[in-house]
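For reference, work-v2.pdb (PDB, C-alpha atoms, pLDDT in the B column):
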MODEL        1
ATOM      1  CA  ALA A 666     -18.756 144.413  18.096  1.00 94.00           C
ATOM      2  CA  ALA A 667     -18.363 143.005  21.611  1.00 94.00           C
ATOM      3  CA  TRP A 668     -20.047 139.753  20.589  1.00 96.00           C
ATOM      4  CA  ALA A 669     -17.692 139.472  17.617  1.00 96.00           C
ATOM      5  CA  VAL A 670     -14.733 139.638  20.000  1.00 95.00           C
ATOM      6  CA  ALA A 671     -16.407 137.170  22.382  1.00 94.00           C
ATOM      7  CA  LEU A 672     -17.096 134.611  19.644  1.00 95.00           C
ATOM      8  CA  LEU A 673     -13.548 134.942  18.368  1.00 94.00           C
ATOM      9  CA  ALA A 674     -12.279 134.287  21.894  1.00 92.00           C
ATOM     10  CA  LEU A 675     -14.394 131.118  21.991  1.00 92.00           C
ATOM     11  CA  ALA A 676     -12.876 130.026  18.687  1.00 91.00           C
ATOM     12  CA  VAL A 677      -9.261 130.562  19.717  1.00 89.00           C
ATOM     13  CA  THR A 678      -9.640 128.960  23.139  1.00 85.00           C
ATOM     14  CA  GLY A 679     -10.634 125.637  21.661  1.00 74.00           C
ATOM     15  CA  ARG A 680     -14.397 125.651  22.171  1.00 72.00           C
ATOM     16  CA  SER A 681     -15.021 125.283  18.454  1.00 84.00           C
ATOM     17  CA  PRO A 682     -13.353 126.853  15.404  1.00 85.00           C
ATOM     18  CA  ALA A 683     -16.849 127.368  13.979  1.00 90.00           C
ATOM     19  CA  TRP A 684     -17.363 130.319  16.343  1.00 93.00           C
ATOM     20  CA  ALA A 685     -14.884 132.221  14.158  1.00 93.00           C
ATOM     21  CA  ALA A 686     -17.454 132.352  11.348  1.00 95.00           C
ATOM     22  CA  GLY A 687     -19.935 134.028  13.670  1.00 95.00           C
ATOM     23  CA  ALA A 688     -17.244 136.434  14.835  1.00 96.00           C
ATOM     24  CA  GLY A 689     -16.446 137.374  11.244  1.00 96.00           C
ATOM     25  CA  LEU A 690     -20.120 137.800  10.357  1.00 97.00           C
ATOM     26  CA  LEU A 691     -20.711 140.146  13.302  1.00 97.00           C
ATOM     27  CA  TYR A 692     -17.531 142.101  12.616  1.00 97.00           C
ATOM     28  CA  GLY A 693     -18.554 142.564   8.977  1.00 96.00           C
ATOM     29  CA  LEU A 694     -21.909 143.876  10.170  1.00 97.00           C
ATOM     30  CA  THR A 695     -20.149 146.157  12.663  1.00 95.00           C
ATOM     31  CA  CYS A 696     -18.164 147.798   9.868  1.00 95.00           C
ATOM     32  CA  TYR A 697     -21.434 148.739   8.173  1.00 95.00           C
ATOM     33  CA  LEU A 698     -22.942 150.194  11.334  1.00 93.00           C
ATOM     34  CA  SER A 699     -20.186 152.770  11.845  1.00 91.00           C
ATOM     35  CA  TYR A 700     -16.935 153.518  10.059  1.00 92.00           C
ATOM     36  CA  GLY A 701     -15.274 154.181  13.391  1.00 91.00           C
ATOM     37  CA  LEU A 702     -16.004 150.663  14.611  1.00 93.00           C
ATOM     38  CA  THR A 703     -13.697 149.168  11.984  1.00 95.00           C
ATOM     39  CA  LEU A 704     -10.938 149.766  14.543  1.00 94.00           C
ATOM     40  CA  PHE A 705     -12.351 146.809  16.473  1.00 95.00           C
ATOM     41  CA  ALA A 706     -10.157 144.791  14.126  1.00 95.00           C
ATOM     42  CA  LEU A 707      -7.278 145.703  16.460  1.00 96.00           C
ATOM     43  CA  ILE A 708      -9.057 144.177  19.455  1.00 96.00           C
ATOM     44  CA  GLY A 709      -9.871 141.090  17.398  1.00 94.00           C
ATOM     45  CA  ALA A 710      -6.230 140.859  16.369  1.00 94.00           C
ATOM     46  CA  ALA A 711      -5.257 141.028  20.033  1.00 94.00           C
ATOM     47  CA  VAL A 712      -7.518 138.042  20.740  1.00 93.00           C
ATOM     48  CA  LEU A 713      -5.838 136.106  17.927  1.00 91.00           C
ATOM     49  CA  VAL A 714      -2.391 136.945  19.289  1.00 90.00           C
ATOM     50  CA  LEU A 715      -3.343 135.986  22.849  1.00 89.00           C
ATOM     51  CA  GLY A 716      -4.829 132.695  21.705  1.00 84.00           C
ATOM     52  CA  ARG A 717      -2.161 131.719  19.194  1.00 74.00           C
ATOM     53  CA  ARG A 718      -0.651 129.061  21.469  1.00 65.00           C
ATOM     54  CA  ARG A 719      -4.030 127.518  22.232  1.00 62.00           C
ATOM     55  CA  VAL A 720      -5.430 127.289  18.718  1.00 58.00           C
ATOM     56  CA  ARG A 721      -5.128 123.776  17.333  1.00 61.00           C
ATOM     57  CA  ALA A 722      -6.643 124.594  13.966  1.00 64.00           C
ATOM     58  CA  ARG A 723      -5.434 128.141  13.348  1.00 77.00           C
ATOM     59  CA  PRO A 724      -5.766 128.026   9.530  1.00 83.00           C
ATOM     60  CA  VAL A 725      -9.373 126.836   9.917  1.00 86.00           C
ATOM     61  CA  VAL A 726     -10.135 129.624  12.410  1.00 88.00           C
ATOM     62  CA  LEU A 727      -8.653 132.282  10.138  1.00 90.00           C
ATOM     63  CA  ALA A 728     -10.437 130.918   7.064  1.00 91.00           C
ATOM     64  CA  LEU A 729     -13.803 130.867   8.824  1.00 93.00           C
ATOM     65  CA  LEU A 730     -13.184 134.350  10.228  1.00 94.00           C
ATOM     66  CA  VAL A 731     -12.433 135.805   6.793  1.00 95.00           C
ATOM     67  CA  ALA A 732     -15.333 133.948   5.183  1.00 96.00           C
ATOM     68  CA  GLY A 733     -17.763 135.208   7.818  1.00 95.00           C
ATOM     69  CA  ALA A 734     -16.437 138.765   7.570  1.00 95.00           C
ATOM     70  CA  ALA A 735     -16.971 138.781   3.785  1.00 96.00           C
ATOM     71  CA  VAL A 736     -20.712 138.021   3.926  1.00 96.00           C
ATOM     72  CA  VAL A 737     -22.088 141.448   4.872  1.00 96.00           C
ATOM     73  CA  PRO A 738     -19.729 143.456   2.593  1.00 96.00           C
ATOM     74  CA  LEU A 739     -20.689 141.240  -0.343  1.00 97.00           C
ATOM     75  CA  VAL A 740     -24.406 141.691   0.325  1.00 97.00           C
ATOM     76  CA  PHE A 741     -24.067 145.476   0.594  1.00 97.00           C
ATOM     77  CA  THR A 742     -21.825 145.664  -2.486  1.00 96.00           C
ATOM     78  CA  PHE A 743     -24.233 143.641  -4.636  1.00 96.00           C
ATOM     79  CA  ALA A 744     -27.047 145.867  -3.345  1.00 96.00           C
ATOM     80  CA  GLY A 745     -25.185 148.874  -4.756  1.00 95.00           C
ATOM     81  CA  PHE A 746     -23.483 150.372  -1.691  1.00 96.00           C
ATOM     82  CA  ASP A 747     -19.820 151.329  -2.108  1.00 96.00           C
ATOM     83  CA  TRP A 748     -18.221 151.322   1.358  1.00 96.00           C
ATOM     84  CA  TRP A 749     -15.111 153.223   0.296  1.00 95.00           C
ATOM     85  CA  GLN A 750     -17.055 155.837  -1.614  1.00 96.00           C
ATOM     86  CA  GLY A 751     -19.275 156.275   1.429  1.00 95.00           C
ATOM     87  CA  TYR A 752     -16.231 156.805   3.614  1.00 95.00           C
ATOM     88  CA  ARG A 753     -14.744 159.421   1.297  1.00 95.00           C
ATOM     89  CA  LEU A 754     -18.094 161.228   1.225  1.00 95.00           C
ATOM     90  CA  LEU A 755     -18.283 161.054   5.022  1.00 92.00           C
ATOM     91  CA  VAL A 756     -14.873 162.716   5.349  1.00 93.00           C
ATOM     92  CA  THR A 757     -15.908 165.456   2.917  1.00 94.00           C
ATOM     93  CA  ARG A 758     -19.194 166.147   4.715  1.00 94.00           C
ATOM     94  CA  TYR A 759     -17.517 166.062   8.118  1.00 91.00           C
ATOM     95  CA  TYR A 760     -15.006 168.743   7.200  1.00 92.00           C
ATOM     96  CA  GLN A 761     -17.712 170.814   5.533  1.00 93.00           C
ATOM     97  CA  GLY A 762     -19.460 170.855   8.911  1.00 89.00           C
ATOM     98  CA  VAL A 763     -18.172 170.946  12.487  1.00 86.00           C
ATOM     99  CA  GLY A 764     -15.053 168.995  11.593  1.00 88.00           C
ATOM    100  CA  GLY A 765     -13.811 171.957   9.605  1.00 89.00           C
ATOM    101  CA  THR A 766     -14.371 174.481  12.406  1.00 92.00           C
ATOM    102  CA  ARG A 767     -12.980 172.544  15.374  1.00 91.00           C
ATOM    103  CA  PRO A 768      -9.165 172.884  15.468  1.00 93.00           C
ATOM    104  CA  TYR A 769      -7.271 169.607  15.229  1.00 93.00           C
ATOM    105  CA  GLY A 770      -4.375 170.882  17.369  1.00 93.00           C
ATOM    106  CA  TYR A 771      -6.722 171.432  20.296  1.00 94.00           C
ATOM    107  CA  TRP A 772      -9.013 168.425  20.032  1.00 93.00           C
ATOM    108  CA  VAL A 773      -6.256 165.894  19.510  1.00 93.00           C
ATOM    109  CA  TRP A 774      -5.508 166.520  23.196  1.00 94.00           C
ATOM    110  CA  ALA A 775      -8.989 167.488  24.386  1.00 93.00           C
ATOM    111  CA  ASN A 776     -10.389 164.202  23.081  1.00 93.00           C
ATOM    112  CA  LEU A 777      -8.046 162.335  25.416  1.00 93.00           C
ATOM    113  CA  ALA A 778      -9.076 164.574  28.305  1.00 92.00           C
ATOM    114  CA  CYS A 779     -12.733 163.803  27.556  1.00 90.00           C
ATOM    115  CA  THR A 780     -11.881 160.107  27.548  1.00 92.00           C
ATOM    116  CA  VAL A 781     -10.372 160.437  31.008  1.00 92.00           C
ATOM    117  CA  VAL A 782     -13.594 162.089  32.158  1.00 90.00           C
ATOM    118  CA  ILE A 783     -15.921 159.431  30.726  1.00 89.00           C
ATOM    119  CA  THR A 784     -13.838 156.489  32.004  1.00 92.00           C
ATOM    120  CA  GLY A 785     -12.809 157.982  35.348  1.00 93.00           C
ATOM    121  CA  PRO A 786      -9.581 158.230  37.358  1.00 93.00           C
ATOM    122  CA  ALA A 787      -9.598 154.528  38.250  1.00 94.00           C
ATOM    123  CA  THR A 788      -9.302 153.608  34.574  1.00 95.00           C
ATOM    124  CA  VAL A 789      -6.333 155.929  34.085  1.00 94.00           C
ATOM    125  CA  ALA A 790      -4.583 154.519  37.141  1.00 94.00           C
ATOM    126  CA  GLY A 791      -5.414 150.987  36.001  1.00 95.00           C
ATOM    127  CA  LEU A 792      -3.983 151.625  32.537  1.00 95.00           C
ATOM    128  CA  ARG A 793      -0.765 152.867  34.115  1.00 95.00           C
ATOM    129  CA  ARG A 794      -0.473 149.591  36.009  1.00 94.00           C
ATOM    130  CA  ALA A 795      -1.401 147.674  32.881  1.00 94.00           C
ATOM    131  CA  GLY A 796       1.497 149.371  31.115  1.00 93.00           C
ATOM    132  CA  ALA A 797       3.811 148.258  33.909  1.00 93.00           C
ATOM    133  CA  VAL A 798       2.543 144.684  33.509  1.00 93.00           C
ATOM    134  CA  LEU A 799       3.227 144.805  29.760  1.00 91.00           C
ATOM    135  CA  ILE A 800       6.781 145.965  30.397  1.00 91.00           C
ATOM    136  CA  ARG A 801       7.430 142.933  32.632  1.00 87.00           C
ATOM    137  CA  ARG A 802       5.037 140.608  30.786  1.00 80.00           C
ATOM    138  CA  ARG A 803       7.524 137.715  30.772  1.00 79.00           C
ATOM    139  CA  THR A 804       7.476 137.557  34.544  1.00 85.00           C
ATOM    140  CA  ALA A 805       3.891 138.689  35.134  1.00 85.00           C
ATOM    141  CA  PRO A 806       1.112 136.124  35.734  1.00 89.00           C
ATOM    142  CA  ALA A 807      -0.456 135.060  32.431  1.00 87.00           C
ATOM    143  CA  PRO A 808      -4.002 136.328  33.215  1.00 89.00           C
ATOM    144  CA  GLN A 809      -2.630 139.760  34.128  1.00 91.00           C
ATOM    145  CA  ALA A 810      -0.507 139.903  30.977  1.00 91.00           C
ATOM    146  CA  ARG A 811      -3.498 138.978  28.792  1.00 92.00           C
ATOM    147  CA  LEU A 812      -5.722 141.594  30.410  1.00 94.00           C
ATOM    148  CA  ALA A 813      -3.037 144.266  30.092  1.00 95.00           C
ATOM    149  CA  PHE A 814      -2.492 143.414  26.423  1.00 95.00           C
ATOM    150  CA  LEU A 815      -6.215 143.593  25.634  1.00 95.00           C
ATOM    151  CA  ALA A 816      -6.665 146.927  27.437  1.00 95.00           C
ATOM    152  CA  GLY A 817      -3.543 148.293  25.763  1.00 95.00           C
ATOM    153  CA  THR A 818      -4.883 147.323  22.354  1.00 96.00           C
ATOM    154  CA  ALA A 819      -8.155 149.142  23.054  1.00 95.00           C
ATOM    155  CA  LEU A 820      -6.149 152.209  24.041  1.00 96.00           C
ATOM    156  CA  LEU A 821      -4.196 151.949  20.788  1.00 96.00           C
ATOM    157  CA  ALA A 822      -7.477 151.892  18.826  1.00 95.00           C
ATOM    158  CA  LEU A 823      -8.550 155.075  20.599  1.00 94.00           C
ATOM    159  CA  LEU A 824      -5.244 156.770  19.867  1.00 94.00           C
ATOM    160  CA  ILE A 825      -5.582 155.940  16.163  1.00 94.00           C
ATOM    161  CA  ALA A 826      -9.138 157.305  16.177  1.00 93.00           C
ATOM    162  CA  ASP A 827      -7.841 160.422  17.900  1.00 93.00           C
ATOM    163  CA  LEU A 828      -5.072 161.010  15.366  1.00 94.00           C
ATOM    164  CA  SER A 829      -7.516 160.513  12.488  1.00 91.00           C
ATOM    165  CA  GLY A 830      -9.242 163.782  13.412  1.00 90.00           C
ATOM    166  CA  MET A 831     -12.662 162.296  12.661  1.00 90.00           C
ATOM    167  CA  SER A 832     -14.126 162.518  16.155  1.00 86.00           C
ATOM    168  CA  LYS A 833     -13.418 165.974  17.503  1.00 88.00           C
ATOM    169  CA  ALA A 834     -15.387 166.732  20.679  1.00 85.00           C
ATOM    170  CA  GLU A 835     -17.661 163.708  20.210  1.00 80.00           C
ATOM    171  CA  THR A 836     -15.796 161.145  22.269  1.00 78.00           C
ATOM    172  CA  GLU A 837     -18.660 160.784  24.761  1.00 72.00           C
ATOM    173  CA  ARG A 838     -20.661 158.867  22.144  1.00 78.00           C
ATOM    174  CA  ILE A 839     -18.327 157.836  19.318  1.00 84.00           C
ATOM    175  CA  TRP A 840     -15.654 156.327  21.564  1.00 87.00           C
ATOM    176  CA  LEU A 841     -17.913 154.604  24.096  1.00 89.00           C
ATOM    177  CA  PRO A 842     -17.673 151.204  22.343  1.00 91.00           C
ATOM    178  CA  PHE A 843     -13.905 151.365  22.870  1.00 93.00           C
ATOM    179  CA  ALA A 844     -13.951 153.038  26.286  1.00 92.00           C
ATOM    180  CA  MET A 845     -15.687 150.019  27.824  1.00 93.00           C
ATOM    181  CA  TRP A 846     -12.635 147.917  26.962  1.00 95.00           C
ATOM    182  CA  LEU A 847     -10.440 150.228  29.036  1.00 95.00           C
ATOM    183  CA  LEU A 848     -12.487 149.796  32.212  1.00 94.00           C
ATOM    184  CA  PRO A 849     -11.246 146.261  33.060  1.00 94.00           C
ATOM    185  CA  ALA A 850      -7.806 147.785  33.666  1.00 94.00           C
ATOM    186  CA  GLY A 851      -9.251 148.807  37.036  1.00 92.00           C
ATOM    187  CA  ALA A 852      -8.764 145.167  38.092  1.00 93.00           C
ATOM    188  CA  PHE A 853      -5.083 145.970  38.604  1.00 93.00           C
ATOM    189  CA  LEU A 854      -5.848 148.504  41.332  1.00 92.00           C
ATOM    190  CA  PRO A 855      -5.676 147.863  45.085  1.00 88.00           C
ATOM    191  CA  ARG A 856      -8.344 149.280  47.437  1.00 85.00           C
ATOM    192  CA  PRO A 857     -11.218 148.955  44.914  1.00 85.00           C
ATOM    193  CA  ARG A 858     -13.715 150.643  47.212  1.00 89.00           C
ATOM    194  CA  ALA A 859     -11.696 153.855  47.287  1.00 92.00           C
ATOM    195  CA  TRP A 860     -11.411 153.916  43.511  1.00 92.00           C
ATOM    196  CA  LEU A 861     -15.103 153.107  43.114  1.00 91.00           C
ATOM    197  CA  THR A 862     -15.898 156.058  45.372  1.00 94.00           C
ATOM    198  CA  ALA A 863     -13.694 158.318  43.242  1.00 93.00           C
ATOM    199  CA  GLN A 864     -15.482 157.138  40.104  1.00 93.00           C
ATOM    200  CA  ALA A 865     -18.900 157.817  41.616  1.00 94.00           C
ATOM    201  CA  LEU A 866     -17.884 161.260  42.887  1.00 95.00           C
ATOM    202  CA  LEU A 867     -16.626 162.283  39.468  1.00 93.00           C
ATOM    203  CA  GLY A 868     -19.883 161.174  37.841  1.00 89.00           C
ATOM    204  CA  LEU A 869     -21.965 163.071  40.393  1.00 93.00           C
ATOM    205  CA  LEU A 870     -19.876 166.235  40.087  1.00 92.00           C
ATOM    206  CA  LEU A 871     -20.120 166.192  36.293  1.00 87.00           C
ATOM    207  CA  ASN A 872     -23.886 165.769  36.345  1.00 86.00           C
ATOM    208  CA  HIS A 873     -24.454 168.450  38.978  1.00 90.00           C
ATOM    209  CA  LEU A 874     -21.918 171.117  38.023  1.00 90.00           C
ATOM    210  CA  LEU A 875     -21.461 170.845  34.257  1.00 83.00           C
ATOM    211  CA  PHE A 876     -24.155 171.934  31.818  1.00 80.00           C
ATOM    212  CA  THR A 877     -23.488 169.996  28.594  1.00 71.00           C
ATOM    213  CA  GLY A 878     -26.586 170.943  26.612  1.00 69.00           C
ATOM    214  CA  TRP A 879     -27.583 167.314  26.052  1.00 63.00           C
TER     215      TRP A 879
ENDMDL
END

Show me the file's structure as structure tokens.
Amino acid sequence: AAWAVALLALAVTGRSPAWAAGAGLLYGLTCYLSYGLTLFALIGAAVLVLGRRRVRARPVVLALLVAGAAVVPLVFTFAGFDWWQGYRLLVTRYYQGVGGTRPYGYWVWANLACTVVITGPATVAGLRRAGAVLIRRRTAPAPQARLAFLAGTALLALLIADLSGMSKAETERIWLPFAMWLLPAGAFLPRPRAWLTAQALLGLLLNHLLFTGW
């Protein structure tokens, strides 16, 4: 998923539009590794938005992206796998198991609390500053605005996953592919050593004081 985003960034920054085909191919594969990872489309869309002024051959990039993304779904479909049927079955099985016993009203908030724990206080503080940069994006330096937009998009993907109710109490593993995109928001923070110390202390306290059963 991360390589799909990286190749798309190469395509939209003028390296070569051909990278978009590789990005699409990897994204198509990502969708067949985990249903939850389909939300990486939001991060890819953010890359397209951020690079819209730098793309000289946007129609070519989009065409190659779509063509690459269609390869894996076509192969799986011709092999007899129905992605949508699989998703509907997944939802049914999930709610027949732990998904049906864990209350949505609690975990819709607890999931976010778990995300704060796995990303650390520096990430939360960095996201707050990223939000401030987005509010004044017209006057903010371009690199800061791009970073804030990308981190904000990753946060949006997590919020959608949270509202879906399909990852109750499992954020420490299901959301990790998205959580890593929140961490760069720490670049907005002053005194990085102090925040790094806070991150390390939280990790040590969790590992020493909390028995998770894993």

Pick from A:Leu713, A:Leu739, A:Leu823, A:Ala787 nearest to Arg858 of chain A, counting only C-alpha atoms: A:Ala787

Within 12 Å of segment 840-843 of chain A, which residues of segment 708-816 of chain A come that close, and what is the closest atom pair and distance in Å for each? Count only C-alpha atoms and give it as JSON lines.
{"residue": "A:Ile708", "atom": "CA", "partner": "A:Phe843", "partner_atom": "CA", "distance": 9.3}
{"residue": "A:Asn776", "atom": "CA", "partner": "A:Trp840", "partner_atom": "CA", "distance": 9.6}
{"residue": "A:Leu777", "atom": "CA", "partner": "A:Trp840", "partner_atom": "CA", "distance": 10.4}
{"residue": "A:Cys779", "atom": "CA", "partner": "A:Trp840", "partner_atom": "CA", "distance": 10.0}
{"residue": "A:Thr780", "atom": "CA", "partner": "A:Trp840", "partner_atom": "CA", "distance": 8.0}
{"residue": "A:Val781", "atom": "CA", "partner": "A:Trp840", "partner_atom": "CA", "distance": 11.6}
{"residue": "A:Val782", "atom": "CA", "partner": "A:Leu841", "partner_atom": "CA", "distance": 11.8}
{"residue": "A:Ile783", "atom": "CA", "partner": "A:Leu841", "partner_atom": "CA", "distance": 8.4}
{"residue": "A:Thr784", "atom": "CA", "partner": "A:Leu841", "partner_atom": "CA", "distance": 9.1}
{"residue": "A:Leu815", "atom": "CA", "partner": "A:Phe843", "partner_atom": "CA", "distance": 11.3}
{"residue": "A:Ala816", "atom": "CA", "partner": "A:Phe843", "partner_atom": "CA", "distance": 9.6}

Polymer residues at most 8 Å from segment 748-755 of chain A, all atoms listed in the file, same-chain spacing of 3 or more positions, as a ChimeraX atom specification: /A:697,700,742,758-759

Proximity to Phe741 of chain A - best of A:Leu870, A:Ala850, A:Leu694, A:Val756, only C-alpha atoms: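 Nearest candidate to Phe741 of chain A out of A:Leu870, A:Ala850, A:Leu694, A:Val756: A:Leu694.
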
Polymer residues at most 8 Å from Ala688 of chain A, all atoms listed in the file, same-chain spacing of 6 or more positions, as a list of chain:residue names: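 Contacts, in chain order: A:Trp668, A:Ala669, A:Val670, A:Ala671, A:Leu672, A:Leu673, A:Leu730, A:Gly733, A:Ala734.
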
Find, counting only C-alpha atoms, the residue in A:Met831, A:Ala810, A:Val712, A:Leu847 that gets nearest to Ala797 of chain A.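 The shortest atom-to-atom distance to Ala797 of chain A comes from A:Ala810.
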
Give me the residues within 12 Å of Arg801 of chain A as a VMD selection string, counting only C-alpha atoms and dropping any in the same chain fewer than 5 places off. chain A and resid 794 to 796 806 to 807 809 to 810 813 to 814

Reference answer for the PyMOL selection byres ((chain A and resi 854) around 8), as a VMD selection string: chain A and resid 787 790 to 791 794 850 to 853 855 to 857

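The interatomic distance for the pair atom CA of Ala666 of chain A and atom CA of Leu691 of chain A works out to 6.7 Å.
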
So how far away is atom CA of Pro738 of chain A from atom CA of Trp846 of chain A, in Å?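 So the two atoms, atom CA of Trp846 of chain A and atom CA of Pro738 of chain A, lie 25.8 Å apart.
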
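Nearest-residue note for Pro768 of chain A: choosing from A:Ala834, A:Ala706, A:Leu821, A:Ala686, the minimum distance belongs to A:Ala834, counting all atoms listed in the file.
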
Residue among A:Val737, A:Ala667, A:Tyr769, A:Pro724 lying closest to Cys696 of chain A, counting only C-alpha atoms: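 When distances to Cys696 of chain A are compared using only C-alpha atoms, the smallest one comes from A:Val737.
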
Separation of atom CA of Arg717 of chain A and atom CA of Leu799 of chain A, in Å? 17.7 Å

List the spatial neighbours of Leu715 of chain A as an NGL selection string - criterion: any atom at most 10 Å away, all atoms listed in the file, same-chain residues fewer than 3 positions off excluded. :A and (674 or 677-678 or 709-712 or 718-720 or 810-812 or 814-815)
